[in-house]
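So this one's final-v2.txt, compact mmCIF, C-alpha atoms and all ligand atoms:
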# COMPACT_ATOMS: atom_id res chain seq x y z
CA MET A 1 0.00 0.00 0.00
CA ILE A 2 1.03 3.57 -0.72
CA GLU A 3 0.15 6.15 1.86
CA PHE A 4 0.72 9.90 1.73
CA VAL A 5 0.18 11.29 5.22
CA LYS A 6 -0.22 15.06 5.33
CA VAL A 7 2.54 15.55 2.78
CA THR A 8 3.69 19.07 2.03
CA LYS A 9 6.40 19.69 -0.54
CA ASP A 10 7.81 23.18 -0.87
CA TYR A 11 10.20 24.26 -3.56
CA LYS A 12 11.84 27.63 -3.01
CA ASN A 13 8.83 29.85 -3.50
CA VAL A 14 6.17 27.31 -4.39
CA THR A 15 4.14 24.84 -2.37
CA ALA A 16 3.79 22.02 -4.89
CA LEU A 17 1.85 19.70 -2.55
CA ASN A 18 -0.06 21.04 0.40
CA ASN A 19 -1.03 18.76 3.30
CA PHE A 20 -1.79 15.96 0.84
CA SER A 21 -3.15 12.68 2.20
CA VAL A 22 -4.20 9.61 0.23
CA LYS A 23 -4.07 5.82 0.38
CA ILE A 24 -3.64 3.61 -2.68
CA HIS A 25 -4.06 -0.13 -2.17
CA ASP A 26 -2.20 -2.86 -4.01
CA GLY A 27 -3.85 -3.72 -7.29
CA GLU A 28 -5.68 -0.42 -7.77
CA PHE A 29 -5.87 1.57 -11.00
CA VAL A 30 -5.68 5.29 -10.27
CA PHE A 31 -5.76 8.31 -12.57
CA LEU A 32 -4.00 11.50 -11.48
CA ILE A 33 -5.61 14.51 -13.11
CA GLY A 34 -5.34 18.27 -12.80
CA ALA A 35 -4.00 21.27 -14.65
CA SER A 36 -0.33 21.68 -15.41
CA GLY A 37 1.40 22.78 -12.21
CA ALA A 38 -1.21 21.14 -9.94
CA GLY A 39 1.35 18.82 -8.32
CA LYS A 40 1.05 15.48 -10.14
CA SER A 41 4.73 15.22 -11.04
CA THR A 42 5.73 16.17 -7.54
CA PHE A 43 3.52 13.36 -6.22
CA ILE A 44 5.22 10.91 -8.60
CA ARG A 45 8.72 12.13 -7.78
CA LEU A 46 8.04 11.78 -4.07
CA LEU A 47 6.86 8.22 -4.66
CA LEU A 48 9.99 7.47 -6.69
CA ARG A 49 12.00 8.93 -3.83
CA GLU A 50 13.58 11.44 -6.21
CA LEU A 51 12.33 14.03 -3.72
CA THR A 52 11.55 13.92 -0.02
CA ALA A 53 8.66 15.72 1.64
CA THR A 54 9.13 19.03 3.43
CA SER A 55 6.72 17.68 6.04
CA GLY A 56 4.51 14.62 6.38
CA LYS A 57 5.33 11.06 5.34
CA VAL A 58 5.25 8.84 2.29
CA LEU A 59 4.77 5.23 3.39
CA VAL A 60 5.11 2.26 1.08
CA ASP A 61 4.01 -1.03 2.62
CA GLY A 62 4.16 0.75 5.95
CA ALA A 63 7.76 1.93 5.64
CA ASP A 64 8.66 5.61 5.51
CA ILE A 65 10.60 5.89 2.26
CA ALA A 66 12.35 9.06 3.44
CA ALA A 67 14.29 6.76 5.79
CA LEU A 68 15.79 4.73 2.95
CA LYS A 69 19.54 4.98 2.78
CA ASP A 70 21.12 6.02 -0.52
CA ALA A 71 22.30 2.47 -1.12
CA GLN A 72 18.77 1.12 -0.68
CA ILE A 73 17.09 3.52 -3.10
CA PRO A 74 17.92 1.63 -6.33
CA TYR A 75 16.39 -1.53 -4.83
CA TYR A 76 13.33 0.39 -3.74
CA ARG A 77 12.93 1.81 -7.28
CA ARG A 78 12.99 -1.65 -8.79
CA ARG A 79 9.57 -2.17 -7.26
CA ILE A 80 8.30 0.60 -9.54
CA GLY A 81 8.04 0.54 -13.32
CA MET A 82 8.05 3.94 -14.98
CA VAL A 83 6.51 4.93 -18.32
CA PHE A 84 6.93 8.42 -19.79
CA GLN A 85 5.14 10.53 -22.37
CA ASP A 86 8.28 10.68 -24.53
CA PHE A 87 9.15 6.94 -24.14
CA LYS A 88 12.82 7.53 -23.23
CA LEU A 89 14.09 4.58 -25.24
CA ILE A 90 17.78 4.25 -26.02
CA PRO A 91 18.03 5.10 -29.74
CA THR A 92 21.14 3.01 -30.38
CA MET A 93 19.57 -0.17 -28.99
CA ASN A 94 16.96 -2.32 -30.70
CA VAL A 95 13.68 -3.33 -29.07
CA TYR A 96 15.11 -6.47 -27.48
CA GLU A 97 18.16 -4.64 -26.13
CA ASN A 98 16.14 -1.74 -24.73
CA VAL A 99 14.18 -4.20 -22.62
CA ALA A 100 17.07 -6.54 -21.81
CA PHE A 101 19.17 -3.59 -20.67
CA ALA A 102 16.71 -2.88 -17.83
CA MET A 103 17.40 -6.41 -16.57
CA ARG A 104 21.17 -6.29 -17.13
CA VAL A 105 21.50 -3.30 -14.81
CA THR A 106 20.00 -5.43 -12.02
CA SER A 107 22.67 -8.10 -12.63
CA ALA A 108 20.03 -10.60 -13.74
CA LYS A 109 21.38 -13.89 -15.07
CA ALA A 110 21.70 -14.18 -18.86
CA SER A 111 19.42 -17.22 -18.85
CA LEU A 112 16.70 -15.29 -17.02
CA ILE A 113 17.01 -12.35 -19.43
CA LYS A 114 16.70 -14.74 -22.36
CA SER A 115 13.47 -16.19 -21.08
CA ARG A 116 11.90 -13.06 -19.61
CA VAL A 117 12.42 -10.52 -22.44
CA PRO A 118 10.45 -12.50 -25.07
CA GLU A 119 7.73 -13.11 -22.50
CA VAL A 120 7.27 -9.43 -21.72
CA LEU A 121 7.50 -8.44 -25.42
CA ALA A 122 4.72 -10.93 -26.13
CA MET A 123 2.66 -9.41 -23.35
CA VAL A 124 2.80 -5.97 -25.01
CA GLY A 125 2.21 -7.37 -28.52
CA LEU A 126 5.70 -6.85 -29.96
CA THR A 127 6.74 -10.38 -30.81
CA GLY A 128 8.56 -10.21 -34.14
CA ARG A 129 9.74 -6.61 -33.64
CA GLU A 130 12.77 -7.48 -31.49
CA LYS A 131 15.37 -6.26 -33.98
CA ALA A 132 13.71 -2.93 -34.84
CA PHE A 133 15.26 0.30 -33.58
CA PRO A 134 13.17 3.01 -31.91
CA ASN A 135 13.27 5.27 -35.00
CA GLU A 136 11.74 2.44 -37.04
CA LEU A 137 8.72 2.18 -34.73
CA SER A 138 5.43 4.06 -34.53
CA GLY A 139 4.73 6.07 -31.38
CA GLY A 140 2.40 3.34 -30.13
CA GLU A 141 5.05 0.68 -30.67
CA GLN A 142 7.66 2.79 -28.90
CA GLN A 143 5.33 3.16 -25.94
CA ARG A 144 4.81 -0.62 -25.91
CA VAL A 145 8.58 -1.10 -25.72
CA SER A 146 8.74 1.32 -22.84
CA ILE A 147 5.93 -0.55 -21.06
CA ALA A 148 7.77 -3.84 -21.62
CA ARG A 149 10.91 -2.29 -20.18
CA ALA A 150 8.95 -1.01 -17.18
CA LEU A 151 7.50 -4.48 -16.52
CA VAL A 152 10.47 -6.69 -17.21
CA ASN A 153 11.66 -6.74 -13.59
CA ARG A 154 8.13 -7.50 -12.31
CA PRO A 155 7.45 -4.29 -10.39
CA VAL A 156 4.54 -4.13 -7.96
CA MET A 157 3.50 -0.77 -9.32
CA LEU A 158 3.59 0.92 -12.69
CA ILE A 159 3.60 4.71 -12.85
CA ALA A 160 2.72 6.17 -16.22
CA ASP A 161 3.22 9.91 -16.63
CA GLU A 162 1.00 10.99 -19.53
CA PRO A 163 1.73 7.80 -21.47
CA THR A 164 -0.69 8.76 -24.25
CA GLY A 165 0.36 12.41 -24.45
CA ASN A 166 2.21 11.95 -27.75
CA LEU A 167 -0.16 9.44 -29.33
CA ASP A 168 -3.19 9.73 -31.62
CA PRO A 169 -6.59 8.79 -30.15
CA ASP A 170 -6.75 5.22 -31.51
CA THR A 171 -3.24 4.42 -30.38
CA SER A 172 -3.99 6.01 -27.02
CA TRP A 173 -6.84 3.56 -26.56
CA ASP A 174 -4.60 0.62 -27.38
CA ILE A 175 -2.09 1.75 -24.77
CA MET A 176 -4.88 2.39 -22.28
CA LYS A 177 -6.21 -1.14 -22.79
CA LEU A 178 -2.74 -2.55 -22.33
CA LEU A 179 -2.33 -0.71 -19.02
CA VAL A 180 -5.71 -2.01 -17.83
CA GLN A 181 -4.71 -5.54 -18.81
CA ILE A 182 -1.49 -5.17 -16.82
CA ASN A 183 -3.50 -3.90 -13.86
CA GLU A 184 -5.87 -6.87 -14.12
CA GLN A 185 -2.85 -9.14 -13.77
CA GLY A 186 -2.22 -7.58 -10.35
CA THR A 187 0.11 -4.62 -10.88
CA THR A 188 -0.94 -1.33 -9.27
CA VAL A 189 -1.18 1.29 -12.01
CA ILE A 190 -0.96 5.03 -11.39
CA MET A 191 -1.47 7.10 -14.51
CA ALA A 192 -1.22 10.88 -14.80
CA THR A 193 -3.21 12.09 -17.78
CA HIS A 194 -4.94 14.99 -19.49
CA GLY A 195 -7.03 12.52 -21.49
CA LYS A 196 -10.57 13.50 -20.59
CA GLU A 197 -12.18 10.82 -22.77
CA LEU A 198 -9.94 8.10 -21.41
CA VAL A 199 -10.77 8.98 -17.82
CA ASP A 200 -14.50 9.38 -18.44
CA THR A 201 -14.77 6.09 -20.28
CA MET A 202 -12.65 3.96 -17.97
CA GLU A 203 -14.56 4.70 -14.75
CA LYS A 204 -11.52 4.11 -12.58
CA ARG A 205 -10.45 5.86 -9.40
CA VAL A 206 -9.62 9.52 -9.99
CA LEU A 207 -7.44 11.73 -7.81
CA ALA A 208 -7.89 15.34 -8.86
CA PHE A 209 -5.06 17.73 -8.01
CA ASP A 210 -5.50 21.49 -7.78
CA HIS A 211 -2.76 23.82 -6.58
CA GLY A 212 -1.14 21.02 -4.59
CA SER A 213 -4.31 19.81 -2.91
CA LEU A 214 -6.40 16.71 -3.44
CA VAL A 215 -9.74 18.22 -4.44
CA ARG A 216 -11.53 15.02 -5.51
CA ASP A 217 -11.00 11.33 -4.82
CA GLU A 218 -13.66 9.25 -6.54
CA LEU A 219 -13.75 5.50 -7.07
CA ARG A 220 -15.46 5.66 -10.47
CA GLY A 221 -14.42 9.18 -11.23
CA ARG A 222 -14.79 11.51 -14.16
CA TYR A 223 -12.38 14.04 -15.59
CA SER A 224 -14.45 17.11 -14.84
CA VAL A 225 -17.13 17.91 -12.33
CA ASP A 226 -20.59 18.27 -13.87
CA GLU A 227 -21.78 21.88 -13.99
P1 LIG A 301 2.15 18.92 -12.57
O1 LIG A 301 2.92 17.68 -12.70
O2 LIG A 301 0.73 18.69 -12.10
O3 LIG A 301 2.20 19.77 -13.80
P2 LIG A 301 4.27 19.77 -10.77
O4 LIG A 301 4.32 18.83 -9.63
O5 LIG A 301 5.28 19.65 -11.84
O6 LIG A 301 2.79 19.80 -11.39
O7 LIG A 301 4.40 21.26 -10.20
C1 LIG A 301 3.73 21.74 -9.04
C2 LIG A 301 4.24 23.15 -8.74
O8 LIG A 301 5.60 23.08 -8.31
C3 LIG A 301 4.22 24.10 -9.94
O9 LIG A 301 3.91 25.38 -9.47
C4 LIG A 301 5.64 24.03 -10.44
O10 LIG A 301 5.99 25.23 -11.10
C5 LIG A 301 6.43 23.87 -9.17
N1 LIG A 301 7.69 23.11 -9.35
C6 LIG A 301 7.82 21.85 -9.83
N2 LIG A 301 9.10 21.46 -9.82
C7 LIG A 301 9.82 22.51 -9.33
C8 LIG A 301 11.21 22.72 -9.07
N3 LIG A 301 12.13 21.76 -9.30
N4 LIG A 301 11.58 23.92 -8.56
C9 LIG A 301 10.67 24.88 -8.29
N5 LIG A 301 9.34 24.74 -8.51
C10 LIG A 301 8.91 23.56 -9.03

As structure tokens - that is how I would like this structure written.
Ligand code: ADP
Amino acid sequence: MIEFVKVTKDYKNVTALNNFSVKIHDGEFVFLIGASGAGKSTFIRLLLRELTATSGKVLVDGADIAALKDAQIPYYRRRIGMVFQDFKLIPTMNVYENVAFAMRVTSAKASLIKSRVPEVLAMVGLTGREKAFPNELSGGEQQRVSIARALVNRPVMLIADEPTGNLDPDTSWDIMKLLVQINEQGTTVIMATHGKELVDTMEKRVLAFDHGSLVRDELRGRYSVDE
């Protein structure tokens, strides 16, 4: 479980999160919505332990992640898969290598890499594309590679920061369906998005951010409040 307990995060002159409390249980699918500057990225960066709170606590499975020692942080982060709007693939590596690389850095055994990479590429529908380079792929395919890379080490949670932000509507739906499928297999999914239609159609939990505060938390939420 993820628990933000009265978390405030101040940058120099800005309060990016203000007394923010929320609980997210294992296996949930949660949308983070809100205008640019509302605090979604700060929430994600606190969860990744790229930042620590000015006050309050971020607990993951009951442990205060601010207390992690520097040497423990990489291990903590392996429990989280990260997907970005701009994919962040390595352009000089092909599809297989982009995904395998995420395992190599954990010192995984070659035999495990050899069995796991094809498995996760199959899961995202990229079997047969192993040798293609990022610049030979469509945006949707690149995002599938990045999802495969995020999943290859079997994280307990997947954080997707506007994963459909660079994709056309049809491709966005395909990626959305893939994330739901991953969630149905047990991974917690937290997705920041400006995709009104996606949110309104999916009827998943919605956390609405506004000026650093949680202004709505609805189990089958919508993007906007009805007038
Ligand atoms: P969102 O992801 O919803 O767009 P952010 O969490 O990025 O929102 O930003 C929340 C607020 O914190 C904004 O006012 C933003 O300008 C400010 N902010 C974010 N990062 C920094 C930073 N590194 N230094 C100073 N201010 C920042």

Sorted by chain and rising residue number, which residues of chain A lie within 10 Å of ligand LIG 301 (chain A), and what are their closest atom pairs and distances in Å to one decimal, counting all atoms listed in the file, as a tab-separated table?
residue	atom	partner	partner_atom	distance
A:Lys9	CA	A:LIG301	O8	8.5
A:Asp10	CA	A:LIG301	O8	7.8
A:Tyr11	CA	A:LIG301	C9	4.8
A:Lys12	CA	A:LIG301	C9	6.1
A:Asn13	CA	A:LIG301	C9	7.1
A:Val14	CA	A:LIG301	O8	5.8
A:Thr15	CA	A:LIG301	O8	6.4
A:Ala16	CA	A:LIG301	O8	4.0
A:Leu17	CA	A:LIG301	C1	7.1
A:Leu32	CA	A:LIG301	O2	8.6
A:Ile33	CA	A:LIG301	O2	7.7
A:Gly34	CA	A:LIG301	O2	6.1
A:Ala35	CA	A:LIG301	O2	6.0
A:Ser36	CA	A:LIG301	O3	3.6
A:Gly37	CA	A:LIG301	O6	3.4
A:Ala38	CA	A:LIG301	O2	3.8
A:Gly39	CA	A:LIG301	O4	3.2
A:Lys40	CA	A:LIG301	O2	3.8
A:Ser41	CA	A:LIG301	O1	3.5
A:Thr42	CA	A:LIG301	O4	3.7
A:Phe43	CA	A:LIG301	O4	6.5
A:Ile44	CA	A:LIG301	O4	8.0
A:Arg45	CA	A:LIG301	O4	8.2
A:Leu46	CA	A:LIG301	O4	9.7
A:Leu51	CA	A:LIG301	N3	9.5
A:Asp161	CA	A:LIG301	O1	8.7
A:Glu162	CA	A:LIG301	O1	9.8
A:Ala192	CA	A:LIG301	O1	8.2
A:Thr193	CA	A:LIG301	O2	9.6
A:Ala208	CA	A:LIG301	O2	9.8
A:Phe209	CA	A:LIG301	O2	7.2
A:Asp210	CA	A:LIG301	O2	8.1
A:His211	CA	A:LIG301	C1	7.2
A:Gly212	CA	A:LIG301	C1	6.6

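Pairwise distance (CA of Ala66 (chain A), CA of Thr106 (chain A)) equals 22.5 Å.
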
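The residue that comes closest to Ala63 (chain A), out of A:Pro91, A:Val30, A:Ile2, A:Val225 and on the basis of all atoms listed in the file, is A:Ile2.
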
| task | Using all atoms listed in the file, determine which residues lie at most 12 Å from Val99 (chain A), disregarding the query and same-chain residues fewer than 4 positions distant; provide the list as a ChimeraX atom specification. | result | /A:88-90,93-95,103-105,113-114,116-121,124,126,130-131,133-134,142-153

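Taking only C-alpha atoms into account, Ala132 (chain A) lies nearest to A:Tyr96 out of the set A:Lys204, A:Asn166, A:Tyr96, A:Asn183.
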
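The interatomic distance for the pair CA of Thr164 (chain A) and CA of Asp217 (chain A) works out to 22.1 Å.
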
Using all atoms listed in the file, the residue out of A:Val156, A:Ala108, A:Ile175, A:Met202 with shortest distance to Met82 (chain A) is A:Val156

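Taking CA of Val7 (chain A) and CA of Val58 (chain A) as the two end points, the separation is 7.3 Å.
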
Could you name the residues that touch Phe4 (chain A) at 7 Å or less, counting only C-alpha atoms, but leaving out those on the same chain fewer than 3 positions away, as a PyMOL selection string? chain A and resi 7+20-23+57-59

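Using only C-alpha atoms, the shortest contact distance between Phe84 (chain A) and any of A:Gly165, A:Thr201, A:Ser172, A:His194 is found at A:Gly165.
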
Selection: 10 Å around Pro155 (chain A), all atoms listed in the file, excl. self and same-chain fewer than 4 positions, as a short mmCIF file (atom, residue, chain, number, x, y, z; two decimals) with C-alpha atoms, in the coordinates of the input:
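Wrote out-v7.cif, looks like this:
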data_model
loop_
_atom_site.label_atom_id
_atom_site.label_comp_id
_atom_site.auth_asym_id
_atom_site.auth_seq_id
_atom_site.Cartn_x
_atom_site.Cartn_y
_atom_site.Cartn_z
CA ARG A 77 12.93 1.81 -7.28
CA ARG A 78 12.99 -1.65 -8.79
CA ARG A 79 9.57 -2.17 -7.26
CA ILE A 80 8.30 0.60 -9.54
CA GLY A 81 8.04 0.54 -13.32
CA MET A 82 8.05 3.94 -14.98
CA ALA A 150 8.95 -1.01 -17.18
CA LEU A 151 7.50 -4.48 -16.52
CA THR A 187 0.11 -4.62 -10.88
CA THR A 188 -0.94 -1.33 -9.27
#

With distances taken over only C-alpha atoms, the candidate from A:Ala102, A:Val5, A:Ala110, A:Met191 nearest Ser55 (chain A) is A:Val5

Missing atoms in region 23-54 of chain A need filling: write out N, CA and C atoms for it as a tab-separated table (two decimals), in the frame of the given file.
chain	number	residue	atom	x	y	z
A	23	LYS	N	-4.52	7.21	0.31
A	23	LYS	CA	-4.07	5.82	0.38
A	23	LYS	C	-4.38	5.14	-0.95
A	24	ILE	N	-3.42	4.41	-1.46
A	24	ILE	CA	-3.64	3.61	-2.68
A	24	ILE	C	-3.30	2.17	-2.34
A	25	HIS	N	-4.28	1.28	-2.53
A	25	HIS	CA	-4.06	-0.13	-2.17
A	25	HIS	C	-3.44	-0.90	-3.32
A	26	ASP	N	-2.80	-2.01	-2.99
A	26	ASP	CA	-2.20	-2.86	-4.01
A	26	ASP	C	-3.28	-3.29	-5.00
A	27	GLY	N	-2.94	-3.24	-6.26
A	27	GLY	CA	-3.85	-3.72	-7.29
A	27	GLY	C	-4.82	-2.68	-7.82
A	28	GLU	N	-4.77	-1.46	-7.28
A	28	GLU	CA	-5.68	-0.42	-7.77
A	28	GLU	C	-5.22	0.15	-9.11
A	29	PHE	N	-6.16	0.76	-9.81
A	29	PHE	CA	-5.87	1.57	-11.00
A	29	PHE	C	-6.31	2.99	-10.67
A	30	VAL	N	-5.38	3.93	-10.72
A	30	VAL	CA	-5.68	5.29	-10.27
A	30	VAL	C	-5.23	6.30	-11.33
A	31	PHE	N	-6.13	7.19	-11.71
A	31	PHE	CA	-5.76	8.31	-12.57
A	31	PHE	C	-5.39	9.51	-11.71
A	32	LEU	N	-4.34	10.21	-12.08
A	32	LEU	CA	-4.00	11.50	-11.48
A	32	LEU	C	-4.34	12.56	-12.52
A	33	ILE	N	-5.24	13.45	-12.16
A	33	ILE	CA	-5.61	14.51	-13.11
A	33	ILE	C	-5.44	15.88	-12.46
A	34	GLY	N	-5.49	16.90	-13.29
A	34	GLY	CA	-5.34	18.27	-12.80
A	34	GLY	C	-4.50	19.07	-13.77
A	35	ALA	N	-4.69	20.38	-13.73
A	35	ALA	CA	-4.00	21.27	-14.65
A	35	ALA	C	-2.48	21.14	-14.49
A	36	SER	N	-1.78	21.60	-15.48
A	36	SER	CA	-0.33	21.68	-15.41
A	36	SER	C	0.04	22.52	-14.18
A	37	GLY	N	0.99	22.03	-13.40
A	37	GLY	CA	1.40	22.78	-12.21
A	37	GLY	C	0.61	22.42	-10.96
A	38	ALA	N	-0.34	21.48	-11.08
A	38	ALA	CA	-1.21	21.14	-9.94
A	38	ALA	C	-0.51	20.26	-8.89
A	39	GLY	N	0.60	19.61	-9.29
A	39	GLY	CA	1.35	18.82	-8.32
A	39	GLY	C	1.48	17.34	-8.63
A	40	LYS	N	1.01	16.91	-9.80
A	40	LYS	CA	1.05	15.48	-10.14
A	40	LYS	C	2.47	14.94	-10.22
A	41	SER	N	3.34	15.69	-10.90
A	41	SER	CA	4.73	15.22	-11.04
A	41	SER	C	5.44	15.19	-9.70
A	42	THR	N	5.12	16.16	-8.87
A	42	THR	CA	5.73	16.17	-7.54
A	42	THR	C	5.30	14.94	-6.74
A	43	PHE	N	4.03	14.59	-6.85
A	43	PHE	CA	3.52	13.36	-6.22
A	43	PHE	C	4.31	12.14	-6.71
A	44	ILE	N	4.49	12.05	-8.02
A	44	ILE	CA	5.22	10.91	-8.60
A	44	ILE	C	6.67	10.91	-8.15
A	45	ARG	N	7.29	12.07	-8.15
A	45	ARG	CA	8.72	12.13	-7.78
A	45	ARG	C	8.93	11.82	-6.30
A	46	LEU	N	7.95	12.16	-5.48
A	46	LEU	CA	8.04	11.78	-4.07
A	46	LEU	C	7.94	10.26	-3.92
A	47	LEU	N	7.06	9.67	-4.71
A	47	LEU	CA	6.86	8.22	-4.66
A	47	LEU	C	8.10	7.48	-5.18
A	48	LEU	N	8.76	8.07	-6.16
A	48	LEU	CA	9.99	7.47	-6.69
A	48	LEU	C	11.18	7.71	-5.76
A	49	ARG	N	10.95	8.53	-4.77
A	49	ARG	CA	12.00	8.93	-3.83
A	49	ARG	C	13.10	9.74	-4.54
A	50	GLU	N	12.67	10.46	-5.60
A	50	GLU	CA	13.58	11.44	-6.21
A	50	GLU	C	13.58	12.70	-5.37
A	51	LEU	N	12.48	12.89	-4.63
A	51	LEU	CA	12.33	14.03	-3.72
A	51	LEU	C	11.92	13.48	-2.36
A	52	THR	N	12.13	14.27	-1.33
A	52	THR	CA	11.55	13.92	-0.02
A	52	THR	C	10.65	15.07	0.42
A	53	ALA	N	9.67	14.74	1.23
A	53	ALA	CA	8.66	15.72	1.64
A	53	ALA	C	9.28	16.77	2.56
A	54	THR	N	8.74	17.97	2.49
A	54	THR	CA	9.13	19.03	3.43
A	54	THR	C	8.54	18.70	4.81
